[in-house]
Every structure is written in structure tokens, then in C-alpha cells.
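Everything below concerns the one structure shown next.
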Amino acid sequence: MRQIFAIGVGGTGAKCVEALVHLHACGLLAEPDGTPARLGAFLVEPDQQSALLTRAQIAINRYGAMRRAIGRNTDRFARGELRDYGQWSPLNTASGAISLDQVFPKAVLRTQAPGVAALFDCLFPPEEQSADLEVGFRGRPPIGSAVMSRINLEQEAQVGQWQQMLGDIQTAAGSGDPPVIHLFGSVFGGTGASGVPTLGQLLKNWLKTQGLTSIQVQASLLLPYFDFEGMADDDTGVHAESRNFQLNTDAALQYLRTSGRSCFDRVFLVGSDIKARYGFSIGGTSQGNAAHIVEMLAALAVRHPSSTGGGYAHVISRSSQQCIGWEDLPDDEQVGEAIARGARFAVAWKNNISLEINDAQKVSMRTFVSGAPWARRFFHPGGRNADQAGRPGIRDQKELTVQSAIDQYCDTLLQWLNQLSSNLGSGFRQELLTASFLKADDRYENNLNRVVQGKARPRRPESSDTVESIKFRMDNLSSEAIPHRGMAGLADCLWTQVV
């Protein structure tokens with residue numbers, strides 16, 4: 001089994017892990033023979049109130065809840081395992097420091113190392129020394145580097161989330177093919193630019209001391225792909241400024257050129273010359289930047305096999321300056337089919353199948369089956385709890401719990417796909433998905449023909465590319481073609497029939 005340990009650093013890193021979870025749900029981390037992968041997700045962020053951190057955690061939680069609800073009752077749907085290692089802040093130390101002058105107490109420095117205190121004053125102006133870091137490193141890599149450099153991984157490995165993850169890495173290393181550690185973060189902000197190289201080097205050193213040098217440490221490093229709208233006011237204090245993005249990027253790339261191999265075995269660089277526009281935010285709950293295609297591309301780097309060689313740094317390009325299509329994605333045939341399947345499934349389930357199951361709660365099962373004959377393939381036609389064919393009742397509380405878990409994950413997936421499809425930047429378009437169809441709706445949606453664009457769209461006549469056609473096909477499947485019953489079996493069958 002392929003095992004991947006993904007570490008998202010900062011807000012952009014969290015968004016990349018969010019993307020990776022959804023790609024995992026679509027089956028894109030599986031081995032070539034279809035064996036599901038095991039993904040571990042870990043989020044590193046000083047800004048524990050970040051809306052981006054919350055959104056990534058919701059994706060992790062909802063996929064995990066859906067996996068637990070369906071159990072082993074599917075063959076293809078949601079088969080990939082997910083281990084959640086939670087969130088960790090580099091400010092979570094015994095000192096409780098939340099500013100640079102608390103991390104490095106100046107009074108102590110002046111007494112014990114006056115030269116270092118003077119250097120500290122030269123490197124960091126007063127406003128940076130006193131800035132509240134609970135909203136992150138404020139787009140300043142030097143602040144982040146100073147804090148991150150104090151991490152003692154040997155010490156962190158003894159407790160909490162680090163202990164869990166590093167222990168699992170050791171176990172995975174002894175159970176087959178070496179796992180992969182993949183870090184995500186921007187090189188133009190504060191937390192990612194400082195944290196990703198630092199953590200990469202710490203992990204490389206830790207692996208060496210453990211004799212685990214066969215494990216690769218790689219990173220998706222995001223170059224500038226968005227700008228801010230609006231300006232900070234006079235009371236904002238130290239904050240990220242888009243005018244500094246290129247300067248931060250140049251410094252990060254110079255570091256990678258000279259010292260990058262001490263941090264990573266491979267890096268994947270992805271950005272965009274056409275920038276999305278996000279409202280200005282210092283961080284916290286107001287930082288609700290929408291998902292972006294660049295983050296999906298960064299997550300797809302996990303699929304890139306290490307056996308292909310190609311050097312240390314990898315980049316990607318598109319064929320048209322003003323547009324991106326399926327052919328611009330790596331492994332476009334397989335990736336396109338998987339994302340198309342996920343998008344069409346979410347629309348068909350949330351905006352049709354689940355609504356019909358809700359309607360079934362209001363009438364007798366006999367009445368419901370007369371208008372929805374497909375339901376008898378998965379649920380007891382008499383409405384009782386179970387029969388010899390293993391069909392549970394459609395009102396069984398366990399089945400409704402499974403339905404709710406799938407509903408909630410589909411909500412999350414549709415939100416991500418919608419943002420991905422509409423958050424593009426001025427004058428730029430995508431020919432992947434139709435954003436207007438990627439929304440949860442209480443009104444029945446039957447047409448699936450326009451959910452996916454381009455060559456990944458299934459080649460069926462529009463009149464038969466509907467949820468009703470899928471229901472008809474399910475009703476006519478042989479018993480052997482429906483190995484599982486109940487809500488999970490229905491989802492599994494829909495997953496196979498939707499493309």
C-alpha cells in the first residue's frame with residue numbers, strides 16, 4: 001500500500017492539503033493496480049483561527065467521517081484511508097510566547113549576550129519584534145525563520161501530533177515500499193516561505209539519524225498566484241503586502257538553488273502569471289481565500305513517480321496563455337476521469353439521489369418504490385430493517401447516518417470544485433468544469449451533461465446523460481453487479497455508473 005504523509009504549512013499549505021484530500025477521495029492517490037493509498041494529513045500554522053486552516057480541517061473531518069460511516073461496505077467509493085494528525089503551531093511552546101520579543105526575551109539577551117541583542121535589533125525593527133504572531137508570521141519570512149529555527153524535532157517527537165506522525169512514518173518504512181513525506185506551502189508569504197524549508201531540513205536530519213534514508217522528502221512550493229484587493233489601515237501593523245511577494249520569492253529560490261537539497265529530494269514549483277484577487281486580511285477568521293487551480297496542481301505533484309528521474313526541480317506549463325484545459329494537467333486522461341467522476345457523483349447524489357431518499361421518509365416504502373423502482377435493489381421493499389438479501393430499511397437510523405455523512409462530504413467537495421472553477425483572475429478562463437452546476441441545491445437536478453467540460457466529459461447524448469438514466473441502469477443491473485446494499489452500496493453503485 002502506498003503511504004503519503006502530507007504536511008501543509010501556513011494558509012496556502014492548508015489549501016493544498018484540502019485539495020489533496022479531495023483528490024484522494026476521487027481515487028487519484030491509488031496505486032496503478034487500484035490499491036487505495038493511505039494518506040496522513042498534518043497542518044502546521046501559527047494562526048490557529050485561520051479560516052483556511054478551518055476549511056482544510058473540515059474537508060479532512062468530513063471525508064474521515066464518511067469513511068467511518070460506510071466502513072467496508074464499498075468496493076470503489078471512498079476506499080482511500082485517511083489519518084488526521086491534526087494541527088500544530090510553532091508557537092505552542094512552554095513559554096507561551098506570541099511575539100518575537102517574547103520568543104527571544106531582549107532583557108535576557110542584553111544581560112547574557114549583548115552582541116546577539118544588538119544583532120536582533122538590527123535584523124528586526126521594533127514593530128516586527130512586538131507584532132502579535134497568533135495571526136501568523138504576517139508575510140515576513142525572517143520572522144517565521146527566527147521562530148521556526150527554534151523547533152527541536154527530537155523533542156517534539158516525544159509527544160503529541162509529531163510523535164504520532166513520526167511513529168507512523170517509522171512503521172510505514174518497515175512495512176513495504178518507503179513512504180513519501182510531501183510538504184506544501186508558498187514561498188512568497190511568511191509561514192510557508194520560512195516553515196517549509198526549515199521543516200524539510202529537520203525531517204531530513206531526523207530520517208538520517210533514524211537510518212531511514214530511503215524515505216523521500218519532497219515539496220510543492222507555490223510561487224505567487226494571487227494579489228490583494230484593498231489596503232491595510234493605519235492600525236493594522238505589520239502585515240503581508242503583495243508588493244513583497246516577488247522579493248520573497250526571489251530570496252526563497254536563491255536559497256533553494258544553494259541549499260535546497262539539504263531540505264528536499266525533489267521540489268515542484270507552480271504559480272500563475274495571471275493573478276486571482278483576494279480581499280485583504282491580516283489573518284484569522286476573515287482570511288477566506290477561495291480555492292484555486294494552482295493548489296490542485298500542487299497537490300497533483302504527489303502523484304509524480306520518483307522513478308521517472310528528471311532532476312531536482314519540476315515545473316508545469318499550459319498550452320494557452322488565457323485558458324487552462326484538461327490537456328494541461330499531468331496524467332490528464334486519468335486525472336480528468338477521476339475529477340469528472342467526483343464532480344458528477346457529488347451533483348447526482350446531493351442534488352437528486354439524497355433528495356429522493358428524503359422524500360422516502362414521508363411516504364410508505366411501497367408507495368416510494370412504485371415511483372423509484374431502483375430503490376428496491378438497495379433497500380427492503382417492505383420498509384423493514386433487513387431481509388435475506390441484506391437490504392436494510394430506508395428509514396434505518398444507521399443508514400440515515402451514512403446518508404448524512406455522504407451529504408456533508410459532497411457539500412464540501414462541491415464548494416471546493418465551485419471555487420476552483422470560478423476563482424481564476426481577470427481575463428483567464430478554465431475549460432474543466434461548469435461552476436454554476438457545482439452547488440448544493442434543494443431543487444432536483446437531473447442533467448449531468450454540462451457538469452464537466454472538455455474531453456473529460458463522458459461522450460453520451462445529452463438526453464441520456466441524466467441521473468434518471470443512471471437510476472434506470474442501476475435497476476437493471478445483475479445481483480452480482482451490486483455487491484453491497486444499503487446507503488453505502490447505493491453510493492458505491494452510483495460511483496461506478498456516473499461516468
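Residue numbering restarts at 1 in every chain; chains get A, B, ... in the order shown in the C-alpha cells, and ligands count up from 1 in that same order.
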
At a cut-off of 12 Å, using only C-alpha atoms, what residues contact segment 30-35 of chain A? Leave out same-chain residues fewer than 6 positions from it and give the result as a list in words.
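Near segment 30-35 of chain A, the qualifying residues are Met1, Arg2, Gln3, Ile4, Leu23, His24, Asp75, Arg76, Phe77, Ala78, Arg79, Gly80, Glu81, Asp177, Val302, Arg303, His304, Pro305, Gln334, Val335 and Ala338 of chain A.
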
Long-range neighbours of Gly425 of chain A as a list of chain:residue names, 9 Å cut-off, only C-alpha atoms, 4 positions minimum in chain:
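Counting only C-alpha atoms, the residues come to A:Phe226, A:Ile274, A:Lys275, A:Ala276, A:Arg277, A:Arg429.
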
Those selected residues, please, written with C-alpha atoms and delivered as a PDB file, in the first residue's frame.
```pdb
ATOM      1  CA  PHE A 226      -2.798  35.947  -6.200  1.00  0.00           C
ATOM      2  CA  ILE A 274      -2.466  35.731 -14.114  1.00  0.00           C
ATOM      3  CA  LYS A 275      -3.316  36.509 -10.515  1.00  0.00           C
ATOM      4  CA  ALA A 276      -6.521  35.834  -8.626  1.00  0.00           C
ATOM      5  CA  ARG A 277      -7.711  38.715  -6.431  1.00  0.00           C
ATOM      6  CA  ARG A 429     -10.798  31.016 -18.043  1.00  0.00           C
TER       7      ARG A 429
END
```

What lies within 12 Å of Pro461 of chain A using only C-alpha atoms, ignoring chain neighbours under 2 positions off, as a list in words?
Asn447, Leu448, Asn449, Arg450, Arg457, Pro458, Arg459, Ser463, Ser464, Asp465, Thr466 and Ser469 of chain A

Could you tell me how far atom CA of Asn73 of chain A sits from atom CA of Pro483 of chain A, in Å to one decimal place?
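These two atoms are separated by 8.6 Å.
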
One decimal, Å: what's the distance from atom CA of Pro392 of chain A over to atom CA of Ser404 of chain A, could you say?
16.2 Å

Give the strand (DSSP E) residues of segment 223-380 of chain A, as DSSP finds them on the backbone, and put them as a count of residues only.
18

What's around Ala157 of chain A at 12 Å? Count only C-alpha atoms, leave out sequence neighbours fewer than 3 positions away in its own chain, and write the answer as a PyMOL selection string.
chain A and resi 151-154+160-170+202-203+206-207

Just to confirm, what's the straight-line distance from atom CA of Ala440 of chain A to atom CA of Met474 of chain A in Å (one decimal)?
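Value for the atom CA of Ala440 of chain A-atom CA of Met474 of chain A distance: 23.3 Å.
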
List every residue of segment 431-494 of chain A that has an atom at most 8 Å from any atom of segment 344-366 of chain A, and for each one report the closest atom pair and its distance in Å to one decimal, counting only C-alpha atoms, with rows sorted by chain and then by increasing residue number, as a tab-separated table.
```
residue	atom	partner	partner_atom	distance
A:Phe437	CA	A:Val347	CA	7.6
A:Leu438	CA	A:Val347	CA	6.8
A:Lys439	CA	A:Val347	CA	7.6
A:Ala440	CA	A:Asn351	CA	6.2
A:Asp441	CA	A:Asn351	CA	5.7
A:Asp442	CA	A:Asn351	CA	6.5
A:Arg443	CA	A:Asn351	CA	6.8
A:Tyr444	CA	A:Asn352	CA	5.2
A:Glu445	CA	A:Asn351	CA	5.5
A:Asn446	CA	A:Asn352	CA	6.8
A:Leu448	CA	A:Arg344	CA	6.7
A:Val451	CA	A:Arg344	CA	6.5
A:Val452	CA	A:Arg344	CA	7.6
A:Val467	CA	A:Ala348	CA	6.1
A:Ala491	CA	A:Trp349	CA	7.9
A:Leu494	CA	A:Phe345	CA	7.0
```

Using only C-alpha atoms, pick whichever of A:Glu399, A:Glu45, A:Asp121, A:Glu462 has the shortest atom-to-atom distance to Gly195 of chain A.
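Checking each candidate against Gly195 of chain A, we get A:Glu45 as the closest.
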
Let's see if you can do this: from backbone DSSP, list all alpha helix (DSSP H) residues in segment 165-389 of chain A, as number ranges by chain.
A: 165-173, 191-209, 245-259, 293-300, 332-348, 354-360, 365-371

With only C-alpha atoms as the counted atoms, please give the residues lying no more than 10 Å from Ser262 of chain A, apart from itself and same-chain residues fewer than 2 positions off, as a PyMOL selection string.
chain A and resi 197-198+200-202+204-205+256+258-260+264-265

With distances taken over only C-alpha atoms, which of A:Ala301, A:Ala193, A:Ala481, A:Ile215 is nearest to Gly144 of chain A?
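Counting only C-alpha atoms, the residue closest to Gly144 of chain A is A:Ala193.
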
Excluding same-chain residues fewer than 3 positions from Pro126 of chain A, what lies within 12 Å of it counting only C-alpha atoms, as a list in words?
Ser99, Leu100, Asp101, Lys106, Phe120, Asp121, Cys122, Leu123, Gln129, Ser130, Ala131, Gly237 and Val238 of chain A

Go ahead and save the picked residues with C-alpha atoms, as a PDB file, in the first residue's frame.
```pdb
ATOM      1  CA  SER A  99       5.639  37.760  19.718  1.00  0.00           C
ATOM      2  CA  LEU A 100       9.244  37.765  18.590  1.00  0.00           C
ATOM      3  CA  ASP A 101      10.452  39.730  21.611  1.00  0.00           C
ATOM      4  CA  LYS A 106      15.510  41.047  24.997  1.00  0.00           C
ATOM      5  CA  PHE A 120      18.419  41.170  16.998  1.00  0.00           C
ATOM      6  CA  ASP A 121      17.673  44.922  16.914  1.00  0.00           C
ATOM      7  CA  CYS A 122      19.466  45.228  13.561  1.00  0.00           C
ATOM      8  CA  LEU A 123      17.534  42.385  11.966  1.00  0.00           C
ATOM      9  CA  GLN A 129       9.609  42.447  17.387  1.00  0.00           C
ATOM     10  CA  SER A 130       6.326  43.242  19.107  1.00  0.00           C
ATOM     11  CA  ALA A 131       3.868  42.032  16.418  1.00  0.00           C
ATOM     12  CA  GLY A 237       0.545  46.947  11.975  1.00  0.00           C
ATOM     13  CA  VAL A 238       2.945  44.532  10.293  1.00  0.00           C
TER      14      VAL A 238
END
```

Please list as a PDB file with all heavy atoms, in the first residue's frame every residue within 12 Å of His380 of chain A, counting only C-alpha atoms and excluding residues in the same chain fewer than 5 positions away.
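The resulting file, part-v7.pdb, is shown below:
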```
ATOM      1  N   SER A 364     -45.005   5.683   2.499  1.00  0.00           N
ATOM      2  CA  SER A 364     -44.727   4.262   2.718  1.00  0.00           C
ATOM      3  C   SER A 364     -43.699   3.789   1.696  1.00  0.00           C
ATOM      4  O   SER A 364     -43.579   4.350   0.599  1.00  0.00           O
ATOM      5  CB  SER A 364     -46.007   3.436   2.580  1.00  0.00           C
ATOM      6  OG  SER A 364     -46.425   3.401   1.224  1.00  0.00           O
ATOM      7  N   MET A 365     -42.941   2.762   2.042  1.00  0.00           N
ATOM      8  CA  MET A 365     -41.929   2.241   1.124  1.00  0.00           C
ATOM      9  C   MET A 365     -42.574   1.691  -0.137  1.00  0.00           C
ATOM     10  O   MET A 365     -42.039   1.824  -1.233  1.00  0.00           O
ATOM     11  CB  MET A 365     -41.100   1.141   1.815  1.00  0.00           C
ATOM     12  CG  MET A 365     -39.890   0.691   1.020  1.00  0.00           C
ATOM     13  SD  MET A 365     -38.712   2.041   0.715  1.00  0.00           S
ATOM     14  CE  MET A 365     -37.447   1.173  -0.223  1.00  0.00           C
ATOM     15  N   ARG A 366     -43.742   1.095   0.009  1.00  0.00           N
ATOM     16  CA  ARG A 366     -44.437   0.570  -1.162  1.00  0.00           C
ATOM     17  C   ARG A 366     -44.749   1.697  -2.150  1.00  0.00           C
ATOM     18  O   ARG A 366     -44.552   1.564  -3.360  1.00  0.00           O
ATOM     19  CB  ARG A 366     -45.717  -0.149  -0.736  1.00  0.00           C
ATOM     20  CG  ARG A 366     -46.413  -0.900  -1.860  1.00  0.00           C
ATOM     21  CD  ARG A 366     -47.666  -1.594  -1.336  1.00  0.00           C
ATOM     22  NE  ARG A 366     -47.353  -2.499  -0.232  1.00  0.00           N
ATOM     23  CZ  ARG A 366     -46.907  -3.742  -0.403  1.00  0.00           C
ATOM     24  NH1 ARG A 366     -46.737  -4.217  -1.625  1.00  0.00           N
ATOM     25  NH2 ARG A 366     -46.666  -4.492   0.646  1.00  0.00           N
ATOM     26  N   PHE A 368     -43.198   4.617  -2.299  1.00  0.00           N
ATOM     27  CA  PHE A 368     -41.935   5.172  -2.798  1.00  0.00           C
ATOM     28  C   PHE A 368     -41.361   4.301  -3.913  1.00  0.00           C
ATOM     29  O   PHE A 368     -40.935   4.815  -4.965  1.00  0.00           O
ATOM     30  CB  PHE A 368     -40.930   5.298  -1.652  1.00  0.00           C
ATOM     31  CG  PHE A 368     -39.585   5.826  -2.082  1.00  0.00           C
ATOM     32  CD1 PHE A 368     -39.435   7.126  -2.543  1.00  0.00           C
ATOM     33  CD2 PHE A 368     -38.469   5.008  -2.038  1.00  0.00           C
ATOM     34  CE1 PHE A 368     -38.195   7.603  -2.944  1.00  0.00           C
ATOM     35  CE2 PHE A 368     -37.216   5.475  -2.433  1.00  0.00           C
ATOM     36  CZ  PHE A 368     -37.086   6.778  -2.884  1.00  0.00           C
ATOM     37  N   VAL A 369     -41.333   2.995  -3.719  1.00  0.00           N
ATOM     38  CA  VAL A 369     -40.741   2.088  -4.711  1.00  0.00           C
ATOM     39  C   VAL A 369     -41.524   2.102  -6.012  1.00  0.00           C
ATOM     40  O   VAL A 369     -40.956   1.913  -7.095  1.00  0.00           O
ATOM     41  CB  VAL A 369     -40.637   0.658  -4.124  1.00  0.00           C
ATOM     42  CG1 VAL A 369     -40.295  -0.351  -5.212  1.00  0.00           C
ATOM     43  CG2 VAL A 369     -39.589   0.616  -3.030  1.00  0.00           C
ATOM     44  N   PRO A 373     -38.268   2.543  -8.599  1.00  0.00           N
ATOM     45  CA  PRO A 373     -38.013   1.091  -8.520  1.00  0.00           C
ATOM     46  C   PRO A 373     -36.553   0.736  -8.243  1.00  0.00           C
ATOM     47  O   PRO A 373     -36.270  -0.328  -7.700  1.00  0.00           O
ATOM     48  CB  PRO A 373     -38.475   0.579  -9.894  1.00  0.00           C
ATOM     49  CG  PRO A 373     -38.491   1.781 -10.779  1.00  0.00           C
ATOM     50  CD  PRO A 373     -38.844   2.934  -9.902  1.00  0.00           C
ATOM     51  N   TRP A 374     -35.623   1.627  -8.579  1.00  0.00           N
ATOM     52  CA  TRP A 374     -34.207   1.367  -8.316  1.00  0.00           C
ATOM     53  C   TRP A 374     -33.928   1.165  -6.822  1.00  0.00           C
ATOM     54  O   TRP A 374     -32.972   0.466  -6.454  1.00  0.00           O
ATOM     55  CB  TRP A 374     -33.350   2.528  -8.821  1.00  0.00           C
ATOM     56  CG  TRP A 374     -33.712   3.860  -8.210  1.00  0.00           C
ATOM     57  CD1 TRP A 374     -34.609   4.758  -8.691  1.00  0.00           C
ATOM     58  CD2 TRP A 374     -33.219   4.397  -6.985  1.00  0.00           C
ATOM     59  NE1 TRP A 374     -34.721   5.835  -7.848  1.00  0.00           N
ATOM     60  CE2 TRP A 374     -33.868   5.635  -6.794  1.00  0.00           C
ATOM     61  CE3 TRP A 374     -32.307   3.973  -6.029  1.00  0.00           C
ATOM     62  CZ2 TRP A 374     -33.615   6.454  -5.679  1.00  0.00           C
ATOM     63  CZ3 TRP A 374     -32.049   4.765  -4.921  1.00  0.00           C
ATOM     64  CH2 TRP A 374     -32.702   5.998  -4.760  1.00  0.00           C
ATOM     65  N   ALA A 375     -34.751   1.765  -5.976  1.00  0.00           N
ATOM     66  CA  ALA A 375     -34.503   1.725  -4.532  1.00  0.00           C
ATOM     67  C   ALA A 375     -34.593   0.310  -3.973  1.00  0.00           C
ATOM     68  O   ALA A 375     -33.928  -0.016  -2.977  1.00  0.00           O
ATOM     69  CB  ALA A 375     -35.479   2.644  -3.805  1.00  0.00           C
ATOM     70  N   ASN A 385     -36.379  -3.638   8.604  1.00  0.00           N
ATOM     71  CA  ASN A 385     -34.976  -3.358   8.895  1.00  0.00           C
ATOM     72  C   ASN A 385     -34.008  -4.114   8.007  1.00  0.00           C
ATOM     73  O   ASN A 385     -32.955  -3.609   7.642  1.00  0.00           O
ATOM     74  CB  ASN A 385     -34.672  -3.663  10.364  1.00  0.00           C
ATOM     75  CG  ASN A 385     -35.246  -2.588  11.272  1.00  0.00           C
ATOM     76  OD1 ASN A 385     -35.554  -1.499  10.829  1.00  0.00           O
ATOM     77  ND2 ASN A 385     -35.420  -2.934  12.543  1.00  0.00           N
ATOM     78  N   ALA A 386     -34.303  -5.358   7.670  1.00  0.00           N
ATOM     79  CA  ALA A 386     -33.381  -6.130   6.838  1.00  0.00           C
ATOM     80  C   ALA A 386     -34.096  -7.329   6.263  1.00  0.00           C
ATOM     81  O   ALA A 386     -35.135  -7.764   6.767  1.00  0.00           O
ATOM     82  CB  ALA A 386     -32.162  -6.577   7.651  1.00  0.00           C
ATOM     83  N   ASP A 387     -33.546  -7.909   5.194  1.00  0.00           N
ATOM     84  CA  ASP A 387     -34.082  -9.143   4.637  1.00  0.00           C
ATOM     85  C   ASP A 387     -32.909 -10.061   4.307  1.00  0.00           C
ATOM     86  O   ASP A 387     -31.751  -9.751   4.571  1.00  0.00           O
ATOM     87  CB  ASP A 387     -34.961  -8.873   3.414  1.00  0.00           C
ATOM     88  CG  ASP A 387     -34.188  -8.266   2.239  1.00  0.00           C
ATOM     89  OD1 ASP A 387     -32.953  -8.081   2.361  1.00  0.00           O
ATOM     90  OD2 ASP A 387     -34.812  -7.973   1.219  1.00  0.00           O
ATOM     91  N   GLN A 388     -33.203 -11.211   3.736  1.00  0.00           N
ATOM     92  CA  GLN A 388     -32.158 -12.192   3.458  1.00  0.00           C
ATOM     93  C   GLN A 388     -31.146 -11.685   2.441  1.00  0.00           C
ATOM     94  O   GLN A 388     -30.010 -12.163   2.413  1.00  0.00           O
ATOM     95  CB  GLN A 388     -32.799 -13.496   2.968  1.00  0.00           C
ATOM     96  CG  GLN A 388     -33.596 -14.224   4.047  1.00  0.00           C
ATOM     97  CD  GLN A 388     -34.173 -15.530   3.542  1.00  0.00           C
ATOM     98  OE1 GLN A 388     -34.196 -15.793   2.343  1.00  0.00           O
ATOM     99  NE2 GLN A 388     -34.640 -16.362   4.470  1.00  0.00           N
ATOM    100  N   ALA A 389     -31.532 -10.759   1.618  1.00  0.00           N
ATOM    101  CA  ALA A 389     -30.603 -10.197   0.624  1.00  0.00           C
ATOM    102  C   ALA A 389     -29.703  -9.115   1.219  1.00  0.00           C
ATOM    103  O   ALA A 389     -28.894  -8.526   0.513  1.00  0.00           O
ATOM    104  CB  ALA A 389     -31.392  -9.630  -0.557  1.00  0.00           C
ATOM    105  N   GLY A 390     -29.864  -8.854   2.511  1.00  0.00           N
ATOM    106  CA  GLY A 390     -29.015  -7.857   3.153  1.00  0.00           C
ATOM    107  C   GLY A 390     -29.450  -6.432   2.916  1.00  0.00           C
ATOM    108  O   GLY A 390     -28.672  -5.502   3.135  1.00  0.00           O
ATOM    109  N   ARG A 391     -30.695  -6.266   2.478  1.00  0.00           N
ATOM    110  CA  ARG A 391     -31.192  -4.916   2.217  1.00  0.00           C
ATOM    111  C   ARG A 391     -31.791  -4.325   3.490  1.00  0.00           C
ATOM    112  O   ARG A 391     -32.791  -4.823   3.990  1.00  0.00           O
ATOM    113  CB  ARG A 391     -32.234  -4.946   1.101  1.00  0.00           C
ATOM    114  CG  ARG A 391     -31.701  -5.357  -0.248  1.00  0.00           C
ATOM    115  CD  ARG A 391     -32.808  -5.486  -1.287  1.00  0.00           C
ATOM    116  NE  ARG A 391     -33.739  -6.562  -0.944  1.00  0.00           N
ATOM    117  CZ  ARG A 391     -34.805  -6.897  -1.674  1.00  0.00           C
ATOM    118  NH1 ARG A 391     -35.069  -6.210  -2.784  1.00  0.00           N
ATOM    119  NH2 ARG A 391     -35.597  -7.876  -1.296  1.00  0.00           N
ATOM    120  N   PRO A 392     -31.214  -3.245   4.014  1.00  0.00           N
ATOM    121  CA  PRO A 392     -31.766  -2.618   5.222  1.00  0.00           C
ATOM    122  C   PRO A 392     -32.968  -1.747   4.887  1.00  0.00           C
ATOM    123  O   PRO A 392     -33.247  -1.457   3.715  1.00  0.00           O
ATOM    124  CB  PRO A 392     -30.602  -1.760   5.718  1.00  0.00           C
ATOM    125  CG  PRO A 392     -29.874  -1.378   4.473  1.00  0.00           C
ATOM    126  CD  PRO A 392     -29.998  -2.573   3.546  1.00  0.00           C
ATOM    127  N   GLY A 393     -33.665  -1.313   5.914  1.00  0.00           N
ATOM    128  CA  GLY A 393     -34.764  -0.377   5.709  1.00  0.00           C
ATOM    129  C   GLY A 393     -34.245   1.010   5.376  1.00  0.00           C
ATOM    130  O   GLY A 393     -33.197   1.433   5.883  1.00  0.00           O
ATOM    131  N   ILE A 394     -34.966   1.723   4.528  1.00  0.00           N
ATOM    132  CA  ILE A 394     -34.507   3.047   4.103  1.00  0.00           C
ATOM    133  C   ILE A 394     -34.630   4.070   5.221  1.00  0.00           C
ATOM    134  O   ILE A 394     -34.045   5.152   5.152  1.00  0.00           O
ATOM    135  CB  ILE A 394     -35.295   3.500   2.850  1.00  0.00           C
ATOM    136  CG1 ILE A 394     -34.504   4.556   2.069  1.00  0.00           C
ATOM    137  CG2 ILE A 394     -36.692   4.020   3.220  1.00  0.00           C
ATOM    138  CD1 ILE A 394     -35.047   4.843   0.687  1.00  0.00           C
ATOM    139  N   ARG A 395     -35.391   3.714   6.292  1.00  0.00           N
ATOM    140  CA  ARG A 395     -35.518   4.611   7.441  1.00  0.00           C
ATOM    141  C   ARG A 395     -34.622   4.189   8.606  1.00  0.00           C
ATOM    142  O   ARG A 395     -34.651   4.810   9.660  1.00  0.00           O
ATOM    143  CB  ARG A 395     -36.970   4.667   7.911  1.00  0.00           C
ATOM    144  CG  ARG A 395     -37.929   5.257   6.891  1.00  0.00           C
ATOM    145  CD  ARG A 395     -39.327   5.373   7.476  1.00  0.00           C
ATOM    146  NE  ARG A 395     -40.264   5.913   6.501  1.00  0.00           N
ATOM    147  CZ  ARG A 395     -40.920   5.170   5.612  1.00  0.00           C
ATOM    148  NH1 ARG A 395     -40.729   3.854   5.597  1.00  0.00           N
ATOM    149  NH2 ARG A 395     -41.748   5.719   4.749  1.00  0.00           N
ATOM    150  N   ASP A 396     -33.847   3.144   8.414  1.00  0.00           N
ATOM    151  CA  ASP A 396     -32.937   2.682   9.455  1.00  0.00           C
ATOM    152  C   ASP A 396     -31.986   3.811   9.842  1.00  0.00           C
ATOM    153  O   ASP A 396     -31.377   4.447   8.981  1.00  0.00           O
ATOM    154  CB  ASP A 396     -32.160   1.471   8.937  1.00  0.00           C
ATOM    155  CG  ASP A 396     -31.283   0.846   9.999  1.00  0.00           C
ATOM    156  OD1 ASP A 396     -30.275   1.483  10.360  1.00  0.00           O
ATOM    157  OD2 ASP A 396     -31.590  -0.266  10.457  1.00  0.00           O
ATOM    158  N   GLU A 399     -28.519   3.769   8.434  1.00  0.00           N
ATOM    159  CA  GLU A 399     -28.472   4.138   7.013  1.00  0.00           C
ATOM    160  C   GLU A 399     -28.579   5.654   6.840  1.00  0.00           C
ATOM    161  O   GLU A 399     -27.899   6.248   5.995  1.00  0.00           O
ATOM    162  CB  GLU A 399     -29.596   3.441   6.248  1.00  0.00           C
ATOM    163  CG  GLU A 399     -29.495   1.927   6.253  1.00  0.00           C
ATOM    164  CD  GLU A 399     -28.163   1.441   5.711  1.00  0.00           C
ATOM    165  OE1 GLU A 399     -27.768   1.895   4.621  1.00  0.00           O
ATOM    166  OE2 GLU A 399     -27.517   0.619   6.382  1.00  0.00           O
ATOM    167  N   ARG A 485     -25.302  -3.466  -0.275  1.00  0.00           N
ATOM    168  CA  ARG A 485     -26.649  -2.894  -0.212  1.00  0.00           C
ATOM    169  C   ARG A 485     -26.665  -1.705   0.747  1.00  0.00           C
ATOM    170  O   ARG A 485     -25.651  -1.318   1.325  1.00  0.00           O
ATOM    171  CB  ARG A 485     -27.641  -3.962   0.255  1.00  0.00           C
ATOM    172  CG  ARG A 485     -27.559  -5.258  -0.508  1.00  0.00           C
ATOM    173  CD  ARG A 485     -28.028  -5.146  -1.942  1.00  0.00           C
ATOM    174  NE  ARG A 485     -27.691  -6.332  -2.722  1.00  0.00           N
ATOM    175  CZ  ARG A 485     -28.316  -6.695  -3.837  1.00  0.00           C
ATOM    176  NH1 ARG A 485     -29.311  -5.968  -4.296  1.00  0.00           N
ATOM    177  NH2 ARG A 485     -27.944  -7.777  -4.482  1.00  0.00           N
ATOM    178  N   GLY A 486     -27.834  -1.140   0.919  1.00  0.00           N
ATOM    179  CA  GLY A 486     -27.962  -0.005   1.811  1.00  0.00           C
ATOM    180  C   GLY A 486     -27.399   1.269   1.203  1.00  0.00           C
ATOM    181  O   GLY A 486     -27.095   1.349   0.003  1.00  0.00           O
ATOM    182  N   MET A 487     -27.242   2.279   2.041  1.00  0.00           N
ATOM    183  CA  MET A 487     -26.807   3.596   1.574  1.00  0.00           C
ATOM    184  C   MET A 487     -25.395   3.549   0.992  1.00  0.00           C
ATOM    185  O   MET A 487     -25.108   4.166  -0.034  1.00  0.00           O
ATOM    186  CB  MET A 487     -26.888   4.592   2.724  1.00  0.00           C
ATOM    187  CG  MET A 487     -27.250   5.999   2.325  1.00  0.00           C
ATOM    188  SD  MET A 487     -28.965   6.184   1.741  1.00  0.00           S
ATOM    189  CE  MET A 487     -29.913   5.993   3.236  1.00  0.00           C
TER     190      MET A 487
END
```

Which residue out of A:Gly64, A:Pro178, A:Gly27, A:Gly427 has the minimum interatomic distance to Gly336 of chain A when only C-alpha atoms are used?
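Using only C-alpha atoms, the shortest distance to Gly336 of chain A belongs to A:Gly27.
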
For Arg341 of chain A, which residue out of A:Lys471, A:Glu431, A:Ser214, A:Leu413 is the nearest one, using only C-alpha atoms?
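Under the stated criterion, the closest residue is A:Leu413.
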
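Distances here use only C-alpha atoms; by that measure, the residue among A:Gln403, A:Thr209, A:Ser479, A:Gln57 closest to Arg377 of chain A is A:Ser479.
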